$ cat my_file22.cif   # mmCIF, C-alpha atoms
data_data
#
loop_
_atom_site.label_atom_id
_atom_site.label_comp_id
_atom_site.auth_asym_id
_atom_site.auth_seq_id
_atom_site.Cartn_x
_atom_site.Cartn_y
_atom_site.Cartn_z
CA MET A 207 -42.42 6.86 34.52
CA GLU A 208 -41.64 5.48 31.07
CA SER A 209 -39.60 7.53 28.68
CA VAL A 210 -42.10 7.61 25.82
CA THR A 211 -40.80 7.98 22.32
CA THR A 212 -43.12 8.33 19.39
CA SER A 213 -40.56 7.47 16.78
CA ALA A 214 -41.26 4.91 14.09
CA PRO A 215 -41.88 1.45 15.55
CA ASP A 216 -38.96 -0.99 15.37
CA THR A 217 -38.62 -4.11 13.25
CA ALA A 218 -40.44 -6.37 15.70
CA THR A 219 -43.40 -4.01 15.73
CA ASP A 220 -43.32 -3.75 11.95
CA GLN A 221 -43.65 -7.51 11.78
CA VAL A 222 -46.62 -7.39 14.12
CA ILE A 223 -48.23 -4.71 12.00
CA GLU A 224 -47.66 -6.69 8.79
CA ARG A 225 -49.23 -9.72 10.44
CA ASP A 226 -52.17 -7.63 11.64
CA GLU A 227 -52.75 -6.22 8.17
CA ALA A 228 -52.78 -9.72 6.73
CA ARG A 229 -55.25 -10.90 9.35
CA ALA A 230 -57.50 -7.90 9.07
CA GLY A 231 -58.36 -8.71 5.49
CA SER A 232 -57.95 -6.83 2.27
CA ALA A 233 -61.18 -4.78 2.19
CA PRO A 234 -60.31 -1.06 1.85
CA GLU A 235 -62.32 -0.10 4.95
CA ASN A 236 -60.47 -2.78 6.95
CA LYS A 237 -57.12 -1.43 5.81
CA GLU A 238 -58.15 2.08 6.74
CA LEU A 239 -59.28 0.99 10.17
CA ILE A 240 -56.13 -0.95 10.91
CA ARG A 241 -53.91 1.89 9.75
CA ALA A 242 -55.75 4.27 12.06
CA GLU A 243 -55.40 1.70 14.84
CA GLN A 244 -51.69 1.32 14.18
CA ALA A 245 -51.22 5.07 14.20
CA VAL A 246 -52.71 5.18 17.70
CA ALA A 247 -50.70 2.17 18.90
CA GLY A 248 -47.47 3.62 17.51
CA LYS A 249 -47.77 6.56 19.91
CA TYR A 250 -47.63 4.25 22.90
CA ILE A 251 -44.99 1.75 21.80
CA GLY A 252 -41.29 2.27 22.38
CA GLY A 253 -38.81 3.65 24.84
CA VAL A 254 -37.56 2.04 28.02
CA ALA A 255 -40.34 1.14 30.46
CA TRP A 256 -38.96 1.88 33.94
CA THR A 257 -42.17 1.26 35.89
CA PRO A 258 -42.01 -2.55 35.61
CA VAL A 259 -38.32 -2.43 36.56
CA ILE A 260 -39.01 -0.56 39.79
CA TRP A 261 -42.20 -2.54 40.39
CA GLY A 262 -40.62 -5.95 39.77
CA LEU A 263 -37.39 -5.46 41.69
CA GLY A 264 -39.02 -3.35 44.45
CA ASN A 265 -41.77 -5.90 44.94
CA LEU A 266 -39.20 -8.70 45.26
CA ALA A 267 -37.18 -6.63 47.74
CA VAL A 268 -40.27 -6.02 49.91
CA TRP A 269 -41.16 -9.72 49.90
CA LEU A 270 -37.57 -10.74 50.77
CA SER A 271 -37.47 -8.16 53.57
CA LEU A 272 -40.53 -9.74 55.20
CA TRP A 273 -38.48 -12.80 56.19
CA PRO A 274 -35.90 -11.09 58.44
CA LEU A 275 -38.55 -8.67 59.70
CA VAL A 276 -40.71 -11.60 60.86
CA PHE A 277 -37.81 -13.73 62.12
CA LEU A 278 -36.52 -10.81 64.20
CA ASP A 279 -40.02 -10.08 65.57
CA ILE A 280 -40.01 -6.60 64.07
CA LEU A 281 -43.15 -7.33 62.02
CA PRO A 282 -45.88 -9.67 63.29
CA LEU A 283 -46.67 -12.63 61.06
CA TRP A 284 -50.36 -11.71 60.81
CA ALA A 285 -49.34 -8.38 59.25
CA ALA A 286 -46.69 -9.90 56.98
CA PHE A 287 -49.08 -12.51 55.52
CA PRO A 288 -51.31 -10.09 53.53
CA ILE A 289 -48.24 -8.14 52.38
CA ALA A 290 -46.64 -11.37 51.14
CA THR A 291 -49.86 -12.31 49.35
CA VAL A 292 -49.95 -8.96 47.54
CA ASN A 293 -46.24 -9.36 46.70
CA VAL A 294 -46.80 -12.77 45.15
CA ALA A 295 -49.82 -11.60 43.15
CA ALA A 296 -47.95 -8.48 42.00
CA SER A 297 -44.89 -10.42 40.92
CA TYR A 298 -46.30 -11.61 37.60
CA LEU A 299 -46.98 -8.41 35.69
CA PRO A 300 -43.42 -6.98 35.56
CA ALA A 301 -42.25 -10.33 34.17
CA HIS A 302 -45.17 -10.25 31.75
CA GLU A 303 -43.87 -6.94 30.43
CA ALA A 304 -40.46 -8.58 30.03
CA MET A 305 -42.00 -11.51 28.11
CA HIS A 306 -43.04 -9.02 25.42
CA ASP A 307 -39.66 -7.22 25.52
CA ILE A 308 -41.48 -4.09 26.65
CA ILE A 309 -38.89 -3.04 29.24
CA ALA A 310 -36.18 -3.00 26.58
CA ARG A 311 -36.29 -4.36 23.07
CA ARG A 312 -34.35 -7.45 22.01
CA GLY A 313 -30.99 -6.31 20.70
CA SER A 314 -31.08 -3.00 22.56
CA ARG A 315 -28.43 -1.95 25.08
CA LEU A 316 -30.74 -2.51 28.08
CA HIS A 317 -32.23 -5.83 27.04
CA TRP A 318 -30.27 -7.49 29.86
CA LEU A 319 -32.44 -5.45 32.27
CA ASN A 320 -35.57 -6.76 30.56
CA GLU A 321 -34.37 -10.34 31.13
CA LEU A 322 -33.19 -9.62 34.69
CA VAL A 323 -36.64 -8.34 35.70
CA GLY A 324 -38.25 -11.31 33.96
CA HIS A 325 -36.16 -13.83 35.86
CA LEU A 326 -36.18 -12.17 39.30
CA SER A 327 -39.69 -10.77 39.51
CA MET A 328 -41.51 -14.11 39.59
CA ILE A 329 -39.33 -15.80 42.23
CA PRO A 330 -42.10 -15.49 44.87
CA LEU A 331 -44.53 -17.10 42.44
CA ILE A 332 -42.13 -19.98 41.61
CA LEU A 333 -42.83 -19.59 37.92
CA PRO A 334 -39.68 -19.78 35.80
CA TYR A 335 -39.40 -16.92 33.32
CA ARG A 336 -38.58 -19.10 30.32
CA VAL A 337 -41.56 -21.38 31.02
CA ALA A 338 -43.89 -18.41 31.46
CA ARG A 339 -42.58 -16.63 28.38
CA LEU A 340 -42.84 -19.56 25.98
CA THR A 341 -46.31 -20.59 27.16
CA HIS A 342 -47.60 -17.01 27.26
CA LEU A 343 -46.46 -16.26 23.71
CA GLU A 344 -48.16 -19.50 22.67
CA HIS A 345 -51.34 -18.18 24.33
CA HIS A 346 -51.07 -15.07 22.13
CA ARG A 347 -50.52 -17.14 18.99
CA HIS A 348 -53.43 -19.49 19.65
CA THR A 349 -55.82 -17.63 21.94
CA ASN A 350 -58.89 -19.73 22.82
CA LYS A 351 -57.90 -22.65 20.58
CA PRO A 352 -58.45 -25.95 22.42
CA GLY A 353 -55.30 -28.04 22.53
CA LEU A 354 -53.09 -25.15 21.48
CA ASP A 355 -53.78 -22.30 23.91
CA PRO A 356 -51.94 -23.24 27.16
CA ASP A 357 -54.46 -21.17 29.15
CA TYR A 358 -57.54 -22.69 27.53
CA GLU A 359 -58.31 -24.83 30.59
CA MET A 360 -58.92 -21.67 32.62
CA HIS A 361 -62.20 -21.20 30.80
CA GLY A 362 -65.09 -21.57 33.24
CA SER A 363 -68.80 -20.86 33.28
CA GLY A 364 -68.46 -18.22 36.00
CA PRO A 365 -66.02 -16.81 38.55
CA VAL A 366 -66.58 -19.53 41.15
CA ASN A 367 -66.36 -22.27 38.52
CA ALA A 368 -63.14 -20.74 37.14
CA LEU A 369 -61.53 -20.64 40.60
CA TRP A 370 -62.62 -24.21 41.25
CA ARG A 371 -61.20 -25.36 37.90
CA HIS A 372 -57.93 -23.61 38.66
CA PHE A 373 -57.84 -25.24 42.08
CA ARG A 374 -58.42 -28.69 40.54
CA ASN A 375 -55.88 -28.03 37.79
CA ARG A 376 -53.25 -27.52 40.51
CA GLN A 377 -53.83 -30.91 42.11
CA PRO A 378 -51.00 -33.44 41.84
CA GLY A 379 -52.82 -35.76 39.43
CA SER A 380 -53.82 -33.01 37.01
CA THR A 381 -52.27 -32.80 33.56
CA ILE A 382 -53.93 -29.55 32.45
CA GLY A 383 -53.58 -25.86 33.28
CA LEU A 384 -50.18 -25.03 34.77
CA ARG A 385 -49.52 -28.76 35.10
CA GLY A 386 -49.96 -29.06 31.35
CA TYR A 387 -47.13 -26.61 30.62
CA PRO A 388 -44.44 -29.35 30.32
CA GLU A 389 -46.39 -30.90 27.43
CA VAL A 390 -46.70 -27.48 25.79
CA LEU A 391 -42.93 -26.98 26.06
CA LYS A 392 -42.29 -30.39 24.52
CA ARG A 393 -44.70 -29.55 21.69
CA LEU A 394 -42.80 -26.31 21.14
CA GLY A 395 -39.55 -28.25 20.85
CA ARG A 396 -38.17 -26.83 24.08
CA PRO A 397 -38.21 -29.82 26.49
CA GLU A 398 -35.06 -28.57 28.21
CA VAL A 399 -37.06 -25.65 29.65
CA VAL A 400 -39.05 -28.18 31.70
CA LEU A 401 -35.88 -28.49 33.80
CA ASP A 402 -36.32 -24.86 34.89
CA GLY A 403 -39.66 -25.83 36.40
CA ILE A 404 -38.21 -28.91 38.09
CA ALA A 405 -35.34 -26.88 39.57
CA TYR A 406 -37.72 -24.21 40.87
CA GLN A 407 -39.97 -26.82 42.47
CA LEU A 408 -37.06 -28.64 44.10
CA VAL A 409 -35.63 -25.43 45.57
CA PHE A 410 -39.09 -24.21 46.67
CA TYR A 411 -40.08 -27.39 48.50
CA GLY A 412 -36.54 -27.81 49.81
CA ILE A 413 -36.63 -24.36 51.40
CA LEU A 414 -40.14 -24.95 52.79
CA CYS A 415 -39.07 -28.23 54.44
CA ALA A 416 -35.82 -26.76 55.76
CA LEU A 417 -37.73 -23.87 57.30
CA ALA A 418 -40.33 -26.21 58.80
CA TRP A 419 -37.78 -28.53 60.41
CA ASN A 420 -35.96 -25.51 61.86
CA GLY A 421 -39.06 -24.25 63.66
CA PHE A 422 -40.31 -21.80 61.03
CA GLY A 423 -43.07 -23.91 59.47
CA ILE A 424 -45.89 -21.47 60.14
CA GLU A 425 -43.76 -18.66 58.72
CA ALA A 426 -43.09 -20.78 55.61
CA VAL A 427 -46.83 -21.36 55.20
CA LEU A 428 -47.90 -17.75 55.67
CA LEU A 429 -45.05 -15.98 53.87
CA TRP A 430 -44.76 -18.23 50.85
CA TRP A 431 -46.86 -21.41 50.53
CA LEU A 432 -50.31 -19.92 51.08
CA PRO A 433 -49.57 -16.53 49.43
CA ARG A 434 -48.40 -18.47 46.38
CA HIS A 435 -51.68 -20.37 46.17
CA ILE A 436 -53.77 -17.22 46.64
CA GLY A 437 -51.54 -15.10 44.39
CA SER A 438 -51.47 -17.58 41.51
CA SER A 439 -55.27 -17.93 41.70
CA TYR A 440 -55.60 -14.14 41.57
CA VAL A 441 -53.24 -13.86 38.61
CA LEU A 442 -54.96 -16.63 36.65
CA PHE A 443 -58.40 -15.29 37.47
CA PHE A 444 -57.68 -11.79 36.19
CA LEU A 445 -55.22 -12.55 33.41
CA SER A 446 -56.56 -15.78 31.99
CA TRP A 447 -60.21 -16.13 32.88
CA ALA A 448 -61.76 -12.66 33.23
CA PRO A 449 -60.59 -11.17 29.91
CA HIS A 450 -61.49 -14.25 27.87
CA HIS A 451 -64.42 -15.96 29.55
CA THR A 452 -67.17 -14.40 27.45
CA ASN A 453 -65.07 -14.35 24.31
CA PHE A 454 -64.33 -17.80 22.99
CA GLY A 455 -63.59 -16.50 19.51
CA THR A 456 -60.21 -16.99 17.94
CA GLY A 457 -60.20 -13.95 15.68
CA ARG A 458 -58.08 -10.87 16.23
CA TYR A 459 -61.00 -8.73 17.42
CA GLY A 460 -63.07 -11.41 19.11
CA ASN A 461 -60.71 -13.41 21.31
CA THR A 462 -60.78 -11.03 24.26
CA ARG A 463 -62.58 -7.95 25.46
CA ALA A 464 -62.57 -4.72 27.42
CA TRP A 465 -64.58 -4.84 30.64
CA LYS A 466 -65.25 -2.81 33.74
CA SER A 467 -64.06 -4.56 36.88
CA ARG A 468 -65.68 -4.05 40.28
CA LEU A 469 -62.17 -3.98 41.70
CA GLY A 470 -61.05 -1.16 39.42
CA ASN A 471 -58.04 -1.13 37.15
CA ILE A 472 -55.39 -1.76 39.81
CA GLY A 473 -57.49 -4.40 41.59
CA SER A 474 -57.96 -6.24 38.29
CA MET A 475 -54.26 -5.93 37.46
CA GLY A 476 -54.84 -3.63 34.49
CA MET A 477 -56.77 -6.31 32.65
CA GLN A 478 -59.80 -4.13 31.90
CA PHE A 479 -57.91 -3.08 28.77
CA HIS A 480 -56.79 -6.58 27.81
CA ILE A 481 -58.07 -6.13 24.26
CA VAL A 482 -55.38 -3.52 23.67
CA HIS A 483 -52.75 -5.92 24.97
CA HIS A 484 -53.82 -8.67 22.57
CA LEU A 485 -53.95 -6.28 19.63
CA TYR A 486 -50.61 -4.62 20.46
CA PRO A 487 -48.67 -6.66 23.02
CA ASN A 488 -45.75 -4.21 22.88
CA ILE A 489 -47.70 -1.42 24.57
CA PRO A 490 -46.64 -1.16 28.25
CA ILE A 491 -49.41 -1.93 30.71
CA THR A 492 -49.25 1.58 32.17
CA ARG A 493 -50.09 3.04 28.76
CA THR A 494 -52.91 0.67 27.79
CA PRO A 495 -55.69 2.78 29.41
CA ALA A 496 -54.73 5.85 27.34
CA ALA A 497 -54.24 3.73 24.22
CA TYR A 498 -57.67 2.15 24.78
CA ARG A 499 -59.43 5.50 25.15
CA GLU A 500 -57.90 6.73 21.90
CA MET A 501 -58.53 3.46 20.09
CA LYS A 502 -62.08 2.97 21.39
CA PRO A 503 -64.00 4.39 18.33
CA LEU A 504 -61.98 2.12 16.06
CA LEU A 505 -62.69 -0.91 18.23
CA GLU A 506 -66.40 -0.03 18.27
CA ALA A 507 -66.31 0.13 14.47
CA ARG A 508 -64.90 -3.41 14.53
CA GLY A 509 -67.75 -4.59 16.76
CA CYS A 510 -65.46 -5.54 19.64
CA ASP A 511 -66.89 -6.45 23.02
CA LEU A 512 -66.07 -3.38 25.13
CA GLY A 513 -68.58 -3.94 27.92
CA THR A 514 -69.35 -0.74 29.80
CA LEU A 515 -65.78 0.53 29.83
CA MET B 56 -18.63 -39.88 28.51
CA GLU B 57 -20.89 -42.89 28.88
CA ALA B 58 -20.45 -42.87 32.65
CA ALA B 59 -21.46 -39.19 32.76
CA GLN B 60 -24.56 -39.89 30.67
CA GLU B 61 -25.48 -42.79 32.91
CA GLN B 62 -25.04 -40.51 35.93
CA ASP B 63 -27.33 -37.89 34.32
CA ARG B 64 -29.94 -40.56 33.61
CA ALA B 65 -29.74 -41.75 37.23
CA ILE B 66 -30.27 -38.18 38.48
CA VAL B 67 -33.26 -37.74 36.16
CA ARG B 68 -34.70 -41.06 37.43
CA ILE B 69 -34.30 -39.94 41.05
CA ILE B 70 -35.93 -36.57 40.36
CA ARG B 71 -38.76 -38.20 38.40
CA THR B 72 -39.37 -40.67 41.23
CA GLY B 73 -39.30 -37.80 43.73
CA PHE B 74 -41.96 -35.93 41.78
CA ARG B 75 -44.07 -39.08 41.36
CA PHE B 76 -44.14 -39.40 45.13
CA GLY B 77 -44.51 -35.65 45.67
CA PRO B 78 -47.74 -35.74 47.71
CA ILE B 79 -46.55 -38.37 50.19
CA LEU B 80 -43.17 -36.65 50.49
CA PHE B 81 -44.92 -33.34 51.17
CA GLY B 82 -47.13 -35.13 53.69
CA LEU B 83 -44.15 -36.60 55.55
CA LEU B 84 -41.56 -33.85 55.18
CA PHE B 85 -43.54 -30.61 55.46
CA ILE B 86 -46.88 -31.23 57.10
CA PRO B 87 -45.58 -32.91 60.33
CA PRO B 88 -43.35 -30.09 61.62
CA VAL B 89 -45.91 -27.45 60.56
CA THR B 90 -48.71 -29.35 62.32
CA ALA B 91 -46.55 -29.69 65.45
CA GLN B 92 -45.86 -25.95 65.43
CA ILE B 93 -49.56 -25.14 64.97
CA ILE B 94 -50.47 -27.49 67.85
CA ALA B 95 -47.85 -25.80 70.05
CA ALA B 96 -49.00 -22.30 69.03
CA LEU B 97 -52.63 -23.15 69.82
CA ASN B 98 -51.56 -24.81 73.05
CA ILE B 99 -53.73 -27.89 72.51
CA ALA B 100 -52.99 -31.48 73.45
CA PRO B 101 -53.03 -34.08 70.65
CA PRO B 102 -55.33 -37.08 71.25
CA PHE B 103 -54.17 -40.55 72.43
CA GLY B 104 -51.17 -39.05 74.22
CA LEU B 105 -49.39 -38.41 70.92
CA THR B 106 -46.61 -35.87 70.80
CA PRO B 107 -47.30 -32.88 68.51
CA LEU B 108 -44.79 -34.21 65.95
CA ALA B 109 -46.29 -37.71 66.01
CA ALA B 110 -49.73 -36.16 65.48
CA GLY B 111 -48.21 -34.28 62.55
CA PHE B 112 -46.94 -37.50 61.03
CA VAL B 113 -50.38 -39.06 61.35
CA VAL B 114 -52.06 -36.06 59.70
CA GLY B 115 -49.37 -35.69 57.01
CA GLY B 116 -49.12 -39.42 56.35
CA VAL B 117 -52.85 -39.95 55.98
CA TRP B 118 -53.48 -36.77 53.98
CA GLY B 119 -50.38 -37.20 51.82
CA GLY B 120 -51.27 -40.85 51.25
CA PHE B 121 -54.79 -39.86 50.20
CA ALA B 122 -53.39 -37.25 47.76
CA GLN B 123 -50.87 -39.77 46.45
CA ILE B 124 -53.55 -42.34 45.65
CA SER B 125 -56.32 -40.02 44.48
CA GLY B 126 -54.20 -37.40 42.72
CA SER B 127 -55.93 -34.64 44.67
CA TRP B 128 -55.62 -33.17 48.16
CA VAL B 129 -59.34 -32.51 48.46
CA THR B 130 -61.33 -34.73 46.13
CA TRP B 131 -61.28 -38.44 45.45
CA ARG B 132 -60.45 -37.93 41.77
CA ALA B 133 -57.98 -35.48 40.23
#
$ encode --input "my_file22.cif" --output "structure tokens"
Amino acid sequence: MESVTTSAPDTATDQVIERDEARAGSAPENKELIRAEQAVAGKYIGGVAWTPVIWGLGNLAVWLSLWPLVFLDILPLWAAFPIATVNVAASYLPAHEAMHDIIARRGSRLHWLNELVGHLSMIPLILPYRVARLTHLEHHRHTNKPGLDPDYEMHGSGPVNALWRHFRNRQPGSTIGLRGYPEVLKRLGRPEVVLDGIAYQLVFYGILCALAWNGFGIEAVLLWWLPRHIGSSYVLFFLSWAPHHTNFGTGRYGNTRAWKSRLGNIGSMGMQFHIVHHLYPNIPITRTPAAYREMKPLLEARGCDLGTL
Amino acid sequence: MEAAQEQDRAIVRIIRTGFRFGPILFGLLFIPPVTAQIIAALNIAPPFGLTPLAAGFVVGGVWGGFAQISGSWVTWRA
């Protein structure tokens, strides 16, 4: 779907590469490895990524269409509920692509489309794009560092423990996890972005209450409130916990991993190849499997945790 | 200018207060009508001759109050 170009990476990518070279150390074998790695990555970076555009806007359209379909008794609520849950869970990744300017580079003619997808895609999830972007980029800068990585509190001893921690982090008295994001934004010098979150919450709960008092409370619960809880747990499980839970390192090659999910690549939201994403965040998610396969011998030479993938 | 700033501060105070009382507001504004609609859909009679909406207020008030005090909807401590 993406129009792949293999031209020289742009300035932003050059900066990433310079940073990577600095981090990789000055040993000749390290430089050789990272240049080989960059040569592979360069093949997959660039062009306009259309898949997240169609995915993000199409997914939102499907979710929005569920409301009139249910209200008009065209679609039963029991059938709409699982669709809405999938919609909410699927709403994050297109925006995630936008956070890394993958859909269209900053300064390019179509960058407005990148931002549009970022803002619209996560409406079902009630996660403002600016909040998600700033905190996610901070996660990349400080992966697995306590007090600095906004997703650090998702660490758990196992899948059940991680889900339980996420559930507790969402409780009203919690100040960590997603509820710790306002403090992260203040630390980043962007306290005004907290207002995005407040506005989203006000509108969300306002709509829920309006629906409930107009006789559509069960619809509000099953099309939005409950799917949002399930969907956000799914997203955090596969994006924050699963790729990092055995890798508490903070180094470039040790802060995440490749792993084989029982739910497959789609079921695990493409996160089996998360190591490629952390090494080269500009590679579109649809190209990370191919990039991983080509990069695998280099990652093995680095001693990365690649599981059985 | 000063009046506008004072107005902004008042709005922020109202919003902050609203969020501080989020659990009890959720318990009294969302849970009662939803509970009443669930009771009606299941065709069950609330105890003590309560109407479905009154039963919803009891459930939402108690549960929201618990969450307000404890900081959690399900455990005693956040």
$ resolve_selection --input "my_file22.cif" --expression "the PyMOL selection byres ((chain B) within 6 of (chain A))" --output "ChimeraX atom specification"
/B:85,88-89,126-127,133
$ resolve_selection --input "my_file22.cif" --expression "the PyMOL selection byres ((chain A and resi 486-491) around 9)" --output "MDAnalysis selection string"
chainID A and resid 208 219 222:223 244 247:248 250:252 255 258 299 303 306:309 346 476:477 479 481:485 492:495 497
$ residues_around --input "my_file22.cif" --residues "region 67-79 of chain B" --least-positions-apart "5" --cutoff "6 Å" --atoms "only C-alpha atoms" --output "number ranges by chain"
B: 119-120, 122-123
$ closest_residue --input "my_file22.cif" --among "A:Val409, A:Ile472, A:Met360, A:Leu428" --to "His450 (chain A)" --atoms "only C-alpha atoms"
A:Met360
$ residues_around --input "my_file22.cif" --residues "Met501 (chain A)" --least-positions-apart "4" --cutoff "8 Å" --atoms "only C-alpha atoms" --output "number ranges by chain"
A: 243, 246, 497, 505
